[in-house]
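Since the structure comes first, as structure tokens, the remarks are kept for the end.
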Amino acid sequence: MKYFITGGAGFIGSNLVKMLLEKEENTVVVYDNFSTGRSEFLYPIELSEKGSRLDIYNSRIEDTHTLADCMEGSDFVFHLAANADVRHGFKDPSKDVKQNILNTFNVLEAMRKVGVTRIAFSSSGAVYGEPSIYPTPESAPFPIQTSMYGASKLAGEAMLQAYFEGYGIIPYIFRFVSVLGKNYSHGHVYDFVKSLQNDPRKLKVLGDGSQTKSYMHVSDCIMGMLTGIFYDWYSSKVNIYNLGTDETCTVKDSIKWITEYMKVNPKIVYGSEKKGWKGDSPLISLNCKKIREAGWKPLLSIKEGVIDTVEYLLENLWLLEDK
């Protein structure tokens with residue numbers, strides 16, 4: 001199989017590259033503009049025996065001719081490239097529109113041009129906004145969107161569904177909880193570790209710490225995607241899966257695990273609001289029964305995922321430096 005991965009130098013993408021190349025019959029094409037992706041994540045793979053089965057293109061999805069040329073001959077597309085900066089979505093909404101909506105259109109058009117018919121799309125539990133049903137199933141009615149990120153991911157999903165109807169491109173849509181693990185370079189664990197490395201005496205927290213979320217390790221995330229794809233490989237339909245753990249934790253829980261592992265005892269300064277920022281969802285809990293029935297379940301707990309991420313960041317302090 002020849003896999004084409006947008007955002008293949010990013011957090012999830014680079015881990016996916018490594019896992020796909022574990023099978024000798026697979027080849028991988030990484031397409032990334034390296035604005036947030038890191039060439040360092042791919043160096044170990046390039047230098048290994050697997051490097052001969054890996055092609056890397058430093059280019060923009062907006063460059064549609066190059067995109068299609070590089071995609072030519074691929075069997076499957078993973079579209080992981082996106083603006084993942086949920087927190088600042090309302091400061092510059094054009095980022096989500098351009099990077100998450102228009103670039104999804106560009107990927108689909110390239111697929112149509114070169115004849116690739118299957119795509120996995122990294123969506124998000126953020127598309128549920130603040131739902132009335134917890135844990136939230138894939139069939140939940142959609143509420144009013146509360147973030148630009150969630151709205152842009154939902155727009156991407158809608159486009160995938162329309163391309164299935166119009167052109168027979170089969171989508172596998174994965175609505176993730178937040179992901180942790182190796183090559184993690186943004187998010188609350190990253191922010192807390194970086195802050196505590198700079199000043200272990202004080203930690204400022206967005207929100208009152210009661211925000212309750214689900215998280216999963218990147219290795220579990222990738223295995224979940226592959227499980228869903230191959231479970232429904234012969235189907236001709238739109239495939240949508242929630243992907244996450246069945247547990248949740250509060251921000252305060254996460255802080256406790258992080259500070260204990262780092263052996264620091266900072267003064268913690270909480271905000272007064274239940275939301276950390278405008279568009280933040282104070283509770284994210286997904287019903288993942290559908291992917292469980294396909295045979296997948298996470299191997300690591302949220303606490304194990306948080307600690308593994310902290311350990312990784314402390315062993316790779318260069319990631320905490322401003323890029």
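Chain lettering (A, B, ...) mirrors the order of the structure tokens, residue numbering begins at 1 for each chain separately, and ligand numbering begins at 1 in order of display.
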
Problem - Which of region 38-226 of chain A DSSP labels alpha helix (DSSP H), written as an MDAnalysis selection string - result: chainID A and resid 39:47 64:71 93:96 103:114 148:167 188:198 218:226

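Taking only region 200-264 of chain A, the residues that DSSP calls strand (DSSP E) from the backbone come to Lys202, Leu203, Lys204, Thr212, Lys213, Tyr215, Met216, His217, Asn239, Ile240, Tyr241, Asn242, Leu243, Cys249 and Thr250 of chain A.
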
Could you turn the residues from that selection into a file that holds C-alpha atoms, as an mmCIF file, in the first residue's frame?
data_model
loop_
_atom_site.group_PDB
_atom_site.id
_atom_site.type_symbol
_atom_site.label_atom_id
_atom_site.label_comp_id
_atom_site.auth_asym_id
_atom_site.auth_seq_id
_atom_site.Cartn_x
_atom_site.Cartn_y
_atom_site.Cartn_z
ATOM 1 C CA LYS A 202 4.072 29.274 39.928
ATOM 2 C CA LEU A 203 1.562 27.881 37.407
ATOM 3 C CA LYS A 204 -1.127 29.995 35.781
ATOM 4 C CA THR A 212 -13.377 17.857 32.346
ATOM 5 C CA LYS A 213 -11.954 16.240 29.236
ATOM 6 C CA TYR A 215 -7.556 12.270 26.333
ATOM 7 C CA MET A 216 -5.830 9.366 24.582
ATOM 8 C CA HIS A 217 -2.285 8.356 23.737
ATOM 9 C CA ASN A 239 -17.684 5.997 7.949
ATOM 10 C CA ILE A 240 -17.704 8.095 11.136
ATOM 11 C CA TYR A 241 -16.050 7.042 14.391
ATOM 12 C CA ASN A 242 -15.590 8.698 17.751
ATOM 13 C CA LEU A 243 -12.129 7.907 19.052
ATOM 14 C CA CYS A 249 -10.085 13.818 34.001
ATOM 15 C CA THR A 250 -10.218 17.395 35.194
#

Exercise for the section: Would you kindly return, as an MDAnalysis selection string, each protein, DNA or RNA residue with an atom no farther than 12 Å from any atom of Arg175 (chain A), considering only C-alpha atoms and excluding same-chain residues fewer than 4 positions away? Expected result: chainID A and resid 120:128 136:138 150 153:154 156:157 179 221 224:225 228 239:244 284:288 290:291

For N, CA and C atoms, I'd like the residues from the last selection saved as a tab-separated table (two decimals), in the first residue's frame.
chain	number	residue	atom	x	y	z
A	120	ALA	N	-8.80	9.14	5.08
A	120	ALA	CA	-9.07	9.26	6.51
A	120	ALA	C	-8.90	10.72	6.89
A	121	PHE	N	-9.85	11.24	7.66
A	121	PHE	CA	-9.87	12.66	8.01
A	121	PHE	C	-9.83	12.81	9.52
A	122	SER	N	-8.89	13.61	10.00
A	122	SER	CA	-8.80	13.86	11.45
A	122	SER	C	-9.75	14.98	11.82
A	123	SER	N	-10.93	14.58	12.30
A	123	SER	CA	-11.89	15.55	12.81
A	123	SER	C	-11.69	15.69	14.31
A	124	SER	N	-12.72	16.05	15.02
A	124	SER	CA	-12.55	16.36	16.45
A	124	SER	C	-13.86	16.25	17.19
A	125	GLY	N	-13.77	15.92	18.47
A	125	GLY	CA	-14.93	15.97	19.34
A	125	GLY	C	-15.46	17.38	19.49
A	126	ALA	N	-14.66	18.37	19.06
A	126	ALA	CA	-15.10	19.76	19.14
A	126	ALA	C	-16.30	20.02	18.24
A	127	VAL	N	-16.55	19.15	17.25
A	127	VAL	CA	-17.71	19.37	16.37
A	127	VAL	C	-19.03	19.26	17.13
A	128	TYR	N	-19.01	18.63	18.31
A	128	TYR	CA	-20.24	18.48	19.09
A	128	TYR	C	-20.56	19.74	19.91
A	136	THR	N	-21.08	11.46	24.40
A	136	THR	CA	-21.72	11.88	23.16
A	136	THR	C	-21.48	10.87	22.04
A	137	PRO	N	-22.55	10.30	21.47
A	137	PRO	CA	-22.38	9.34	20.36
A	137	PRO	C	-22.28	10.04	19.02
A	138	GLU	N	-21.86	9.30	17.99
A	138	GLU	CA	-21.77	9.87	16.64
A	138	GLU	C	-23.12	10.35	16.13
A	150	GLY	N	-13.98	23.77	15.74
A	150	GLY	CA	-15.03	22.77	15.60
A	150	GLY	C	-15.87	23.01	14.36
A	153	LYS	N	-13.91	21.97	11.26
A	153	LYS	CA	-13.82	20.51	11.12
A	153	LYS	C	-15.16	19.94	10.65
A	154	LEU	N	-16.26	20.49	11.15
A	154	LEU	CA	-17.57	20.03	10.72
A	154	LEU	C	-17.80	20.36	9.24
A	156	GLY	N	-15.43	20.52	7.05
A	156	GLY	CA	-14.62	19.54	6.33
A	156	GLY	C	-15.33	18.20	6.22
A	157	GLU	N	-15.97	17.78	7.31
A	157	GLU	CA	-16.75	16.53	7.28
A	157	GLU	C	-17.85	16.61	6.23
A	179	VAL	N	-5.19	14.38	22.02
A	179	VAL	CA	-4.21	13.30	21.89
A	179	VAL	C	-2.91	13.70	22.56
A	221	CYS	N	-4.50	6.24	19.41
A	221	CYS	CA	-5.21	6.99	18.37
A	221	CYS	C	-4.97	6.38	16.99
A	224	GLY	N	-6.56	3.05	16.59
A	224	GLY	CA	-8.00	3.24	16.43
A	224	GLY	C	-8.37	3.59	15.00
A	225	MET	N	-7.60	4.49	14.39
A	225	MET	CA	-7.85	4.85	13.00
A	225	MET	C	-7.69	3.64	12.08
A	228	GLY	N	-10.61	1.21	12.40
A	228	GLY	CA	-11.82	1.66	11.72
A	228	GLY	C	-11.71	1.54	10.21
A	239	ASN	N	-18.01	6.68	6.69
A	239	ASN	CA	-17.68	6.00	7.95
A	239	ASN	C	-17.26	7.03	8.99
A	240	ILE	N	-17.99	7.10	10.09
A	240	ILE	CA	-17.70	8.09	11.14
A	240	ILE	C	-17.50	7.37	12.46
A	241	TYR	N	-16.37	7.67	13.11
A	241	TYR	CA	-16.05	7.04	14.39
A	241	TYR	C	-15.61	8.09	15.41
A	242	ASN	N	-16.19	8.03	16.60
A	242	ASN	CA	-15.59	8.70	17.75
A	242	ASN	C	-14.37	7.90	18.17
A	243	LEU	N	-13.36	8.59	18.67
A	243	LEU	CA	-12.13	7.91	19.05
A	243	LEU	C	-11.60	8.51	20.35
A	244	GLY	N	-11.60	7.71	21.40
A	244	GLY	CA	-11.09	8.20	22.67
A	244	GLY	C	-11.21	7.16	23.76
A	284	ILE	N	-15.90	17.31	27.73
A	284	ILE	CA	-15.82	16.50	26.52
A	284	ILE	C	-15.73	15.04	26.92
A	285	SER	N	-16.73	14.28	26.54
A	285	SER	CA	-16.77	12.84	26.83
A	285	SER	C	-17.50	12.17	25.68
A	286	LEU	N	-16.79	11.34	24.93
A	286	LEU	CA	-17.35	10.73	23.73
A	286	LEU	C	-17.76	9.28	23.97
A	287	ASN	N	-18.87	8.90	23.40
A	287	ASN	CA	-19.31	7.51	23.39
A	287	ASN	C	-18.58	6.80	22.25
A	288	CYS	N	-17.72	5.85	22.59
A	288	CYS	CA	-16.88	5.19	21.58
A	288	CYS	C	-17.28	3.74	21.36
A	290	LYS	N	-19.02	2.41	19.03
A	290	LYS	CA	-18.93	1.96	17.64
A	290	LYS	C	-17.54	1.44	17.30
A	291	ILE	N	-16.49	2.18	17.68
A	291	ILE	CA	-15.13	1.71	17.38
A	291	ILE	C	-14.76	0.52	18.26

Counting only C-alpha atoms, give me one row per residue of region 213-311 of chain A with an atom at most 12 Å from an atom of region 55-77 of chain A, showing the shortest contact pair and its distance in Å to one decimal, sorted by chain then residue number, as a tab-separated table.
residue	atom	partner	partner_atom	distance
A:Leu226	CA	A:Phe76	CA	11.8
A:Ile229	CA	A:Phe76	CA	10.3
A:Phe230	CA	A:Phe76	CA	11.7
A:Trp233	CA	A:Phe76	CA	11.1

Determine, counting only C-alpha atoms, which protein, DNA and RNA residues have an atom within 8 Å of an atom of Asp308 (chain A); residues of the same chain fewer than 4 positions away are not included. Present the result as a JSON list (two decimals) with N, CA and C atoms, in the first residue's frame.
[["chain", "number", "residue", "atom", "x", "y", "z"],
["A", 181, "GLY", "N", 1.31, 12.18, 23.84],
["A", 181, "GLY", "CA", 2.34, 11.18, 23.57],
["A", 181, "GLY", "C", 3.57, 11.73, 22.88],
["A", 182, "LYS", "N", 4.37, 10.84, 22.31],
["A", 182, "LYS", "CA", 5.62, 11.19, 21.66],
["A", 182, "LYS", "C", 5.38, 12.17, 20.52],
["A", 304, "GLU", "N", -1.69, 7.52, 32.41],
["A", 304, "GLU", "CA", -0.49, 6.96, 31.79],
["A", 304, "GLU", "C", -0.07, 7.79, 30.58],
["A", 312, "TYR", "N", 8.42, 12.33, 28.01],
["A", 312, "TYR", "CA", 8.96, 12.60, 26.67],
["A", 312, "TYR", "C", 9.43, 14.04, 26.56]]

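Interatomic distance, CA of Leu180 (chain A) against CA of Leu21 (chain A): 21.1 Å.
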